[in-house]
Amino acid sequence: MKISFIMERGDPPRLNPIFADVFGRLERAGVNVAVRFPEEELIRLNDLAIDADLYCLKSDGEMALSLATVLDGMGARILNPLDATLLAKDKVTAAYLLLTRGPLILKPHRGYHGAGVRVARSGADLASTNYPGVVFAQDYLERARVDLKVYAIGEQIFGVRKAFSRESFLHEGESAPLSNEIIGIARRIGAIFGLELFGLDIAEAGCGPRVVDVNYFPGYRGVPDAARLLTDYFLRALRCC
Amino acid sequence: MTHAKPRILFLLSGEPANPDRPQVSALTAEVAAGLERRGASVDFLTPGAVEIARLHPAHDLYVLKDKTPFNLSVAQVLALAGARVVNTARASAVARDKVAATALISAAGVPVPPSWTAGTAERFAPLAKDGALWLKPQRGSRGFGVRRIGRDGNPGAGRALDAFGLPLPLFAQHEAPSDGTDLKLYVVGERVWALRRPYPASTLKEKLGRVVTPAPEFVAAALACGRALGLELYGVDFLVSGDSYSVVDVNAFPGYKGAAAAPEALADYLFNCVRGARTEAAEALR
């Protein structure tokens, strides 16, 4: 059995220690693990072929998404499914699904890691901002607490609190209990998008929790025993191939 | 309801001087007139500020003519809400992505010049010793950002970044042999027109080319490209040299320049899509 992880190195370059642990666990379980950073490769497009039983798309990069589009077109099995990933990636489609089918609400159009995100307090702020292409706006929840992250590994839902910052996606955070309401929200969002491995950014305002972002295949930093749980999930997925 | 006049909406880009005003090309106007003659009512839209939760299909059919990023997102939302969109947003987006489209049509068995993607331009350097290279943006159109690097030339260094500093893939393709003309096939469903044009075409007369009868292998290759990308209305560019050929571009909803019968065929195809969409909706209600 072979599993191929399509990753991004990030800036600064790094490898999430949880995933380093997952790769070791999978190899000890007898799985052949390939770890690819497409941006660091020269890929010949004429002879791309399916070379793994399962692909894990753990990258927000456009090159990784192009590669996944090809693999999906060839019939490869991808976690998360490509359709689900694309719906979550495009803030417009993600917001539509959350607003119309999701329990609650829901930045640049295909942005990630906070690039291009701004708070506009007046129309004048908007006029001074140059956004080429699509701009995505959502109500700013002024006094909301925005440090709760929810992580899903299939049906298992976890809460992590961490101080929000530009680099918060790099930090560990602390495990936090979740209300049944938030667990229910997470399960419904998984079902609506077709996502199996995802994270939610939750803003807790006076009017209740608000989902402000859906991230496909997050880093799971702060989830207790994340490497073991993810490994078990991948092994189950491989057995279903 | 099923007897009401079918309503069709074209998603267009805005006029350069007046971005909120839909820019209606001669082709779009002709297709719309053809649809109106068949009994449909036609609207044009360049989405401005959209309240996402209120996006809801009010038309029987959406025609994704201009593939701006915003139109693609709006079309995808309309499809999620149950609308029939031609070409689909997904197929239009894949066709715009040279990296994905090239690999998919190659995997479908269509001849494609040797092509590569990389994160940084210096990775292409070893390729130049095998011949001239064309460097193209991942999602370019109309030749923007296209560069030719001669044999043994230097493709440069560095990454391509989007407006927010996030990395974009680079695309390189070896120059395909050409006998000095290119062959363009336009497709509407299963109908195909072929035009021969000087390569590269610069004047309008050259761009119009001349209509030719394509060999069956070109028709088969064009239809294979459409199937591989999920397109219904598209154009396929071939470079031909003697007995060999390769596909160098596939465009969703092209301008159909030079294919005089295309506007009527497009009107027919789209009008039939409305009927299909209505039947599907009626079945869904049952």
# chains A, B, ... in the order shown; residues from 1 in each chain; ligands from 1

call {"tool": "interface_residues", "arguments": {"of": "chain A", "to": "chain B", "cutoff": "7 Å", "atoms": "only C-alpha atoms", "output": "list in words"}}
result
Glu39, Glu40, Glu41, Leu42, Ile43, Arg44, Leu45, Asn46, Leu48, Gly61, Glu62, Met63, Ser66, Leu67, Thr69, Val70, Gly73, Val92, Thr93, Tyr96, Leu99, Thr100, Ala115, Gly116, Pro132, Gly133 and Val134 of chain A

call {"tool": "write_last_selection", "arguments": {"atoms": "N, CA and C atoms", "output": "JSON list (two decimals), in the first residue's frame"}}
result
[["chain", "number", "residue", "atom", "x", "y", "z"],
["A", 39, "GLU", "N", 6.04, 22.33, -5.27],
["A", 39, "GLU", "CA", 6.73, 23.57, -5.65],
["A", 39, "GLU", "C", 8.24, 23.38, -5.77],
["A", 40, "GLU", "N", 8.77, 22.28, -5.18],
["A", 40, "GLU", "CA", 10.22, 22.05, -5.24],
["A", 40, "GLU", "C", 10.58, 21.04, -6.33],
["A", 41, "GLU", "N", 9.57, 20.62, -7.12],
["A", 41, "GLU", "CA", 9.83, 19.63, -8.16],
["A", 41, "GLU", "C", 9.77, 20.27, -9.54],
["A", 42, "LEU", "N", 10.36, 19.58, -10.52],
["A", 42, "LEU", "CA", 10.11, 19.87, -11.93],
["A", 42, "LEU", "C", 9.25, 18.71, -12.41],
["A", 43, "ILE", "N", 7.98, 19.00, -12.69],
["A", 43, "ILE", "CA", 7.04, 17.92, -12.99],
["A", 43, "ILE", "C", 6.73, 17.90, -14.49],
["A", 44, "ARG", "N", 7.02, 16.78, -15.11],
["A", 44, "ARG", "CA", 6.67, 16.63, -16.53],
["A", 44, "ARG", "C", 5.20, 16.27, -16.62],
["A", 45, "LEU", "N", 4.45, 17.05, -17.40],
["A", 45, "LEU", "CA", 3.00, 16.90, -17.42],
["A", 45, "LEU", "C", 2.53, 15.84, -18.40],
["A", 46, "ASN", "N", 3.42, 15.40, -19.31],
["A", 46, "ASN", "CA", 2.98, 14.46, -20.34],
["A", 46, "ASN", "C", 2.83, 13.05, -19.82],
["A", 48, "LEU", "N", 2.12, 12.08, -16.37],
["A", 48, "LEU", "CA", 1.63, 11.95, -15.00],
["A", 48, "LEU", "C", 0.73, 10.71, -14.92],
["A", 61, "GLY", "N", -1.43, 25.40, -1.76],
["A", 61, "GLY", "CA", -0.78, 25.97, -2.93],
["A", 61, "GLY", "C", -1.51, 25.67, -4.23],
["A", 62, "GLU", "N", -1.46, 26.62, -5.18],
["A", 62, "GLU", "CA", -2.15, 26.43, -6.45],
["A", 62, "GLU", "C", -1.55, 25.27, -7.25],
["A", 63, "MET", "N", -0.23, 25.05, -7.10],
["A", 63, "MET", "CA", 0.40, 23.95, -7.85],
["A", 63, "MET", "C", -0.10, 22.60, -7.34],
["A", 66, "SER", "N", -3.54, 22.11, -8.71],
["A", 66, "SER", "CA", -3.51, 21.70, -10.11],
["A", 66, "SER", "C", -3.18, 20.22, -10.23],
["A", 67, "LEU", "N", -2.17, 19.80, -9.46],
["A", 67, "LEU", "CA", -1.77, 18.38, -9.48],
["A", 67, "LEU", "C", -2.91, 17.49, -9.02],
["A", 69, "THR", "N", -6.04, 18.18, -9.23],
["A", 69, "THR", "CA", -7.08, 18.20, -10.27],
["A", 69, "THR", "C", -6.78, 17.14, -11.32],
["A", 70, "VAL", "N", -5.49, 17.00, -11.68],
["A", 70, "VAL", "CA", -5.11, 15.99, -12.67],
["A", 70, "VAL", "C", -5.34, 14.59, -12.10],
["A", 73, "GLY", "N", -8.92, 13.77, -12.00],
["A", 73, "GLY", "CA", -9.43, 13.47, -13.35],
["A", 73, "GLY", "C", -9.04, 12.09, -13.82],
["A", 92, "VAL", "N", -16.11, 32.31, -1.65],
["A", 92, "VAL", "CA", -17.47, 32.62, -2.08],
["A", 92, "VAL", "C", -18.36, 31.38, -1.98],
["A", 93, "THR", "N", -17.87, 30.24, -2.49],
["A", 93, "THR", "CA", -18.69, 29.03, -2.39],
["A", 93, "THR", "C", -18.79, 28.56, -0.95],
["A", 96, "TYR", "N", -21.30, 30.68, 0.79],
["A", 96, "TYR", "CA", -22.65, 30.34, 0.33],
["A", 96, "TYR", "C", -23.16, 29.09, 1.05],
["A", 99, "LEU", "N", -23.83, 29.90, 4.72],
["A", 99, "LEU", "CA", -24.95, 30.82, 4.95],
["A", 99, "LEU", "C", -26.29, 30.19, 4.64],
["A", 100, "THR", "N", -26.33, 29.35, 3.62],
["A", 100, "THR", "CA", -27.63, 28.84, 3.19],
["A", 100, "THR", "C", -27.93, 27.46, 3.71],
["A", 115, "ALA", "N", -3.01, 35.93, 4.27],
["A", 115, "ALA", "CA", -2.52, 36.88, 3.27],
["A", 115, "ALA", "C", -3.68, 37.75, 2.77],
["A", 116, "GLY", "N", -3.48, 39.07, 2.79],
["A", 116, "GLY", "CA", -4.47, 39.99, 2.22],
["A", 116, "GLY", "C", -5.69, 40.24, 3.10],
["A", 132, "PRO", "N", -7.02, 43.14, -6.40],
["A", 132, "PRO", "CA", -7.29, 42.69, -7.76],
["A", 132, "PRO", "C", -8.16, 41.44, -7.70],
["A", 133, "GLY", "N", -8.94, 41.22, -8.70],
["A", 133, "GLY", "CA", -9.76, 40.02, -8.73],
["A", 133, "GLY", "C", -10.91, 40.13, -7.76],
["A", 134, "VAL", "N", -11.19, 39.05, -7.09],
["A", 134, "VAL", "CA", -12.39, 38.98, -6.27],
["A", 134, "VAL", "C", -12.08, 39.42, -4.85]]

call {"tool": "residues_around", "arguments": {"residues": "Ala128 of chain B", "least_positions_apart": "3", "cutoff": "8 Å", "atoms": "only C-alpha atoms", "output": "compact mmCIF listing (two decimals) with C-alpha atoms, in the first residue's frame"}}
result
# COMPACT_ATOMS: atom_id res chain seq x y z
CA PHE B 124 13.38 24.97 -16.32
CA ALA B 125 17.01 25.84 -17.19
CA GLY B 131 15.03 23.35 -27.81
CA ALA B 132 13.07 26.58 -27.55
CA LEU B 133 10.65 26.87 -24.65
CA ILE B 149 13.17 31.28 -24.58
CA GLY B 150 15.38 30.20 -27.47
CA ARG B 151 17.46 27.00 -27.40
CA ASP B 152 20.13 27.29 -24.68
CA GLY B 153 18.43 30.47 -23.47
CA ASN B 154 17.98 31.37 -19.81
CA PRO B 155 14.47 31.02 -18.41

call {"tool": "residues_around", "arguments": {"residues": "Lys5 of chain B", "least_positions_apart": "3", "cutoff": "7 Å", "atoms": "only C-alpha atoms", "output": "VMD selection string"}}
result
chain B and resid 39 to 41

call {"tool": "closest_residue", "arguments": {"among": "B:Ala194, B:Cys273, B:Ala26, B:Ala89", "to": "Leu208 of chain B", "atoms": "only C-alpha atoms"}}
result
B:Ala194

call {"tool": "closest_residue", "arguments": {"among": "A:Ala226, A:Ala94, A:Leu238, A:Cys207", "to": "Ile192 of chain A", "atoms": "only C-alpha atoms"}}
result
A:Ala94

call {"tool": "residues_around", "arguments": {"residues": "segment 13-18 of chain B", "least_positions_apart": "2", "cutoff": "7 Å", "atoms": "only C-alpha atoms", "output": "list in words"}}
result
Asp20, Arg21, Pro22, Gln23, Thr46, Asp66 and Thr68 of chain B

call {"tool": "write_last_selection", "arguments": {"atoms": "N, CA and C atoms", "output": "compact mmCIF listing (two decimals), in the first residue's frame"}}
result
# COMPACT_ATOMS: atom_id res chain seq x y z
N ASP B 20 -19.04 47.98 -14.30
CA ASP B 20 -20.32 47.38 -13.90
C ASP B 20 -21.22 47.08 -15.10
N ARG B 21 -20.83 47.60 -16.28
CA ARG B 21 -21.67 47.43 -17.47
C ARG B 21 -21.18 46.23 -18.27
N PRO B 22 -22.06 45.24 -18.51
CA PRO B 22 -21.62 44.05 -19.25
C PRO B 22 -21.10 44.41 -20.64
N GLN B 23 -19.96 43.84 -21.00
CA GLN B 23 -19.42 44.04 -22.33
C GLN B 23 -19.96 42.93 -23.23
N THR B 46 -22.93 41.42 -15.37
CA THR B 46 -21.57 41.47 -14.83
C THR B 46 -21.76 41.62 -13.33
N ASP B 66 -17.72 34.80 -19.99
CA ASP B 66 -16.42 35.38 -19.62
C ASP B 66 -15.97 34.81 -18.29
N THR B 68 -14.05 35.27 -15.71
CA THR B 68 -13.32 36.00 -14.67
C THR B 68 -13.41 35.19 -13.38

call {"tool": "residues_around", "arguments": {"residues": "Ala191 of chain A", "least_positions_apart": "4", "cutoff": "12 Å", "atoms": "only C-alpha atoms", "output": "list in words"}}
result
Ala84, Leu97, Leu98, Arg101, Gly102, Pro103, Ala152, Gly154, Glu155, Gly184, Ile185, Ala186, Arg187, Leu195, Glu196, Leu197 and Phe198 of chain A

call {"tool": "write_last_selection", "arguments": {"atoms": "N, CA and C atoms", "output": "mmCIF file, in the first residue's frame"}}
result
data_model
loop_
_atom_site.group_PDB
_atom_site.id
_atom_site.type_symbol
_atom_site.label_atom_id
_atom_site.label_comp_id
_atom_site.auth_asym_id
_atom_site.auth_seq_id
_atom_site.Cartn_x
_atom_site.Cartn_y
_atom_site.Cartn_z
ATOM 1 N N ALA A 84 -14.697 18.702 -2.402
ATOM 2 C CA ALA A 84 -14.863 19.300 -1.077
ATOM 3 C C ALA A 84 -13.780 20.341 -0.823
ATOM 4 N N LEU A 97 -22.322 28.064 1.105
ATOM 5 C CA LEU A 97 -22.771 26.820 1.751
ATOM 6 C C LEU A 97 -23.047 27.043 3.224
ATOM 7 N N LEU A 98 -22.199 27.827 3.894
ATOM 8 C CA LEU A 98 -22.396 28.057 5.323
ATOM 9 C C LEU A 98 -23.629 28.908 5.579
ATOM 10 N N ARG A 101 -26.895 26.649 3.960
ATOM 11 C CA ARG A 101 -27.166 25.286 4.394
ATOM 12 C C ARG A 101 -26.574 25.017 5.746
ATOM 13 N N GLY A 102 -25.614 25.810 6.097
ATOM 14 C CA GLY A 102 -24.913 25.577 7.340
ATOM 15 C C GLY A 102 -25.693 26.161 8.474
ATOM 16 N N PRO A 103 -25.250 25.843 9.638
ATOM 17 C CA PRO A 103 -25.905 26.335 10.826
ATOM 18 C C PRO A 103 -25.679 27.823 10.982
ATOM 19 N N ALA A 152 -11.478 18.429 12.905
ATOM 20 C CA ALA A 152 -12.203 17.179 12.678
ATOM 21 C C ALA A 152 -11.283 16.163 12.017
ATOM 22 N N GLY A 154 -12.494 12.816 10.569
ATOM 23 C CA GLY A 154 -13.716 12.040 10.367
ATOM 24 C C GLY A 154 -14.783 12.508 11.342
ATOM 25 N N GLU A 155 -15.325 11.578 12.103
ATOM 26 C CA GLU A 155 -16.405 11.919 13.042
ATOM 27 C C GLU A 155 -15.869 12.479 14.358
ATOM 28 N N GLY A 184 -21.977 19.660 16.944
ATOM 29 C CA GLY A 184 -23.017 19.456 15.927
ATOM 30 C C GLY A 184 -22.750 20.296 14.689
ATOM 31 N N ILE A 185 -22.347 21.541 14.898
ATOM 32 C CA ILE A 185 -22.020 22.431 13.772
ATOM 33 C C ILE A 185 -20.901 21.821 12.932
ATOM 34 N N ALA A 186 -19.866 21.326 13.613
ATOM 35 C CA ALA A 186 -18.715 20.773 12.889
ATOM 36 C C ALA A 186 -19.137 19.567 12.052
ATOM 37 N N ARG A 187 -19.953 18.696 12.630
ATOM 38 C CA ARG A 187 -20.354 17.498 11.878
ATOM 39 C C ARG A 187 -21.168 17.894 10.653
ATOM 40 N N LEU A 195 -16.202 17.190 3.508
ATOM 41 C CA LEU A 195 -14.844 17.175 4.059
ATOM 42 C C LEU A 195 -14.735 16.127 5.161
ATOM 43 N N GLU A 196 -13.585 15.449 5.218
ATOM 44 C CA GLU A 196 -13.343 14.475 6.281
ATOM 45 C C GLU A 196 -12.324 15.001 7.284
ATOM 46 N N LEU A 197 -11.339 15.706 6.774
ATOM 47 C CA LEU A 197 -10.266 16.249 7.612
ATOM 48 C C LEU A 197 -10.303 17.764 7.449
ATOM 49 N N PHE A 198 -10.744 18.462 8.500
ATOM 50 C CA PHE A 198 -10.882 19.910 8.334
ATOM 51 C C PHE A 198 -10.807 20.621 9.668
#

call {"tool": "closest_residue", "arguments": {"among": "B:Glu36, B:Ala259, B:Arg84, B:Ala267", "to": "Thr279 of chain B", "atoms": "only C-alpha atoms"}}
result
B:Arg84

call {"tool": "atom_distance", "arguments": {"atom1": "atom CA of Glu232 of chain B", "atom2": "atom CA of Leu79 of chain A"}}
result
28.6 Å

call {"tool": "select_by_dssp", "arguments": {"residues": "segment 112-283 of chain B", "states": "alpha helix (DSSP H)", "output": "PyMOL selection string"}}
result
chain B and resi 204-208+216-229+262-283

call {"tool": "write_last_selection", "arguments": {"atoms": "N, CA and C atoms", "output": "compact mmCIF listing (two decimals), in the first residue's frame"}}
result
# COMPACT_ATOMS: atom_id res chain seq x y z
N LEU B 204 -6.69 41.09 -38.33
CA LEU B 204 -8.01 40.48 -38.17
C LEU B 204 -8.26 39.45 -39.28
N LYS B 205 -7.85 39.80 -40.51
CA LYS B 205 -8.06 38.88 -41.63
C LYS B 205 -7.33 37.57 -41.37
N GLU B 206 -6.09 37.69 -40.85
CA GLU B 206 -5.34 36.47 -40.54
C GLU B 206 -6.02 35.68 -39.43
N LYS B 207 -6.56 36.40 -38.43
CA LYS B 207 -7.22 35.70 -37.31
C LYS B 207 -8.48 34.98 -37.77
N LEU B 208 -9.17 35.55 -38.75
CA LEU B 208 -10.37 34.89 -39.26
C LEU B 208 -10.00 33.60 -39.98
N PRO B 216 -10.45 13.47 -39.85
CA PRO B 216 -11.15 12.84 -38.70
C PRO B 216 -10.29 12.77 -37.44
N GLU B 217 -8.96 12.61 -37.58
CA GLU B 217 -8.13 12.48 -36.38
C GLU B 217 -8.12 13.80 -35.58
N PHE B 218 -8.23 14.95 -36.27
CA PHE B 218 -8.27 16.22 -35.56
C PHE B 218 -9.60 16.37 -34.81
N VAL B 219 -10.68 15.95 -35.49
CA VAL B 219 -12.00 16.02 -34.83
C VAL B 219 -11.99 15.13 -33.59
N ALA B 220 -11.46 13.92 -33.74
CA ALA B 220 -11.42 12.99 -32.60
C ALA B 220 -10.58 13.57 -31.46
N ALA B 221 -9.44 14.19 -31.81
CA ALA B 221 -8.57 14.76 -30.77
C ALA B 221 -9.27 15.92 -30.07
N ALA B 222 -9.98 16.77 -30.84
CA ALA B 222 -10.67 17.91 -30.23
C ALA B 222 -11.76 17.42 -29.27
N LEU B 223 -12.54 16.44 -29.72
CA LEU B 223 -13.61 15.94 -28.86
C LEU B 223 -13.04 15.26 -27.61
N ALA B 224 -11.88 14.61 -27.77
CA ALA B 224 -11.23 13.98 -26.61
C ALA B 224 -10.81 15.04 -25.59
N CYS B 225 -10.33 16.20 -26.09
CA CYS B 225 -9.97 17.31 -25.17
C CYS B 225 -11.21 17.76 -24.40
N GLY B 226 -12.32 17.92 -25.10
CA GLY B 226 -13.56 18.36 -24.46
C GLY B 226 -14.01 17.39 -23.38
N ARG B 227 -13.93 16.08 -23.70
CA ARG B 227 -14.33 15.08 -22.71
C ARG B 227 -13.40 15.10 -21.51
N ALA B 228 -12.09 15.24 -21.77
CA ALA B 228 -11.11 15.19 -20.67
C ALA B 228 -11.33 16.34 -19.70
N LEU B 229 -11.77 17.50 -20.22
CA LEU B 229 -11.93 18.67 -19.35
C LEU B 229 -13.38 18.91 -18.96
N ALA B 262 -21.44 29.18 -36.34
CA ALA B 262 -21.36 28.91 -34.90
C ALA B 262 -22.45 29.63 -34.09
N PRO B 263 -22.75 30.91 -34.34
CA PRO B 263 -23.76 31.57 -33.50
C PRO B 263 -25.11 30.85 -33.50
N GLU B 264 -25.55 30.41 -34.68
CA GLU B 264 -26.83 29.68 -34.73
C GLU B 264 -26.72 28.35 -34.00
N ALA B 265 -25.58 27.68 -34.18
CA ALA B 265 -25.39 26.38 -33.50
C ALA B 265 -25.37 26.58 -31.98
N LEU B 266 -24.74 27.67 -31.53
CA LEU B 266 -24.71 27.96 -30.09
C LEU B 266 -26.11 28.23 -29.56
N ALA B 267 -26.89 29.00 -30.32
CA ALA B 267 -28.27 29.28 -29.90
C ALA B 267 -29.07 28.00 -29.79
N ASP B 268 -28.89 27.12 -30.80
CA ASP B 268 -29.58 25.83 -30.76
C ASP B 268 -29.19 25.03 -29.54
N TYR B 269 -27.87 24.93 -29.31
CA TYR B 269 -27.36 24.12 -28.21
C TYR B 269 -27.88 24.64 -26.88
N LEU B 270 -27.79 25.96 -26.69
CA LEU B 270 -28.20 26.55 -25.40
C LEU B 270 -29.70 26.42 -25.20
N PHE B 271 -30.47 26.62 -26.28
CA PHE B 271 -31.92 26.49 -26.16
C PHE B 271 -32.29 25.06 -25.76
N ASN B 272 -31.59 24.08 -26.34
CA ASN B 272 -31.85 22.69 -25.95
C ASN B 272 -31.44 22.41 -24.52
N CYS B 273 -30.39 23.09 -24.04
CA CYS B 273 -29.97 22.93 -22.63
C CYS B 273 -31.09 23.37 -21.69
N VAL B 274 -31.79 24.46 -22.05
CA VAL B 274 -32.89 24.94 -21.21
C VAL B 274 -33.94 23.86 -21.11
N ARG B 275 -34.26 23.27 -22.26
CA ARG B 275 -35.29 22.23 -22.22
C ARG B 275 -34.85 21.07 -21.35
N GLY B 276 -33.56 20.69 -21.47
CA GLY B 276 -33.01 19.60 -20.65
C GLY B 276 -33.07 19.95 -19.17
N ALA B 277 -32.69 21.20 -18.85
CA ALA B 277 -32.67 21.64 -17.45
C ALA B 277 -34.08 21.61 -16.88
N ARG B 278 -35.06 22.00 -17.70
CA ARG B 278 -36.44 22.02 -17.19
C ARG B 278 -36.95 20.61 -16.94
N THR B 279 -36.59 19.69 -17.82
CA THR B 279 -37.01 18.31 -17.60
C THR B 279 -36.41 17.77 -16.32
N GLU B 280 -35.12 18.06 -16.12
CA GLU B 280 -34.46 17.60 -14.89
C GLU B 280 -35.14 18.18 -13.66
N ALA B 281 -35.49 19.47 -13.71
CA ALA B 281 -36.14 20.11 -12.57
C ALA B 281 -37.50 19.47 -12.31
N ALA B 282 -38.24 19.19 -13.38
CA ALA B 282 -39.56 18.56 -13.22
C ALA B 282 -39.41 17.18 -12.60
N GLU B 283 -38.37 16.45 -13.04
CA GLU B 283 -38.14 15.12 -12.47
C GLU B 283 -37.75 15.20 -11.00

call {"tool": "select_by_dssp", "arguments": {"residues": "segment 75-225 of chain B", "states": "strand (DSSP E)", "output": "PyMOL selection string"}}
result
chain B and resi 85-86+115-118+133-137+147-149+160-161+167-168+170-174+181-188+191-198+210-212
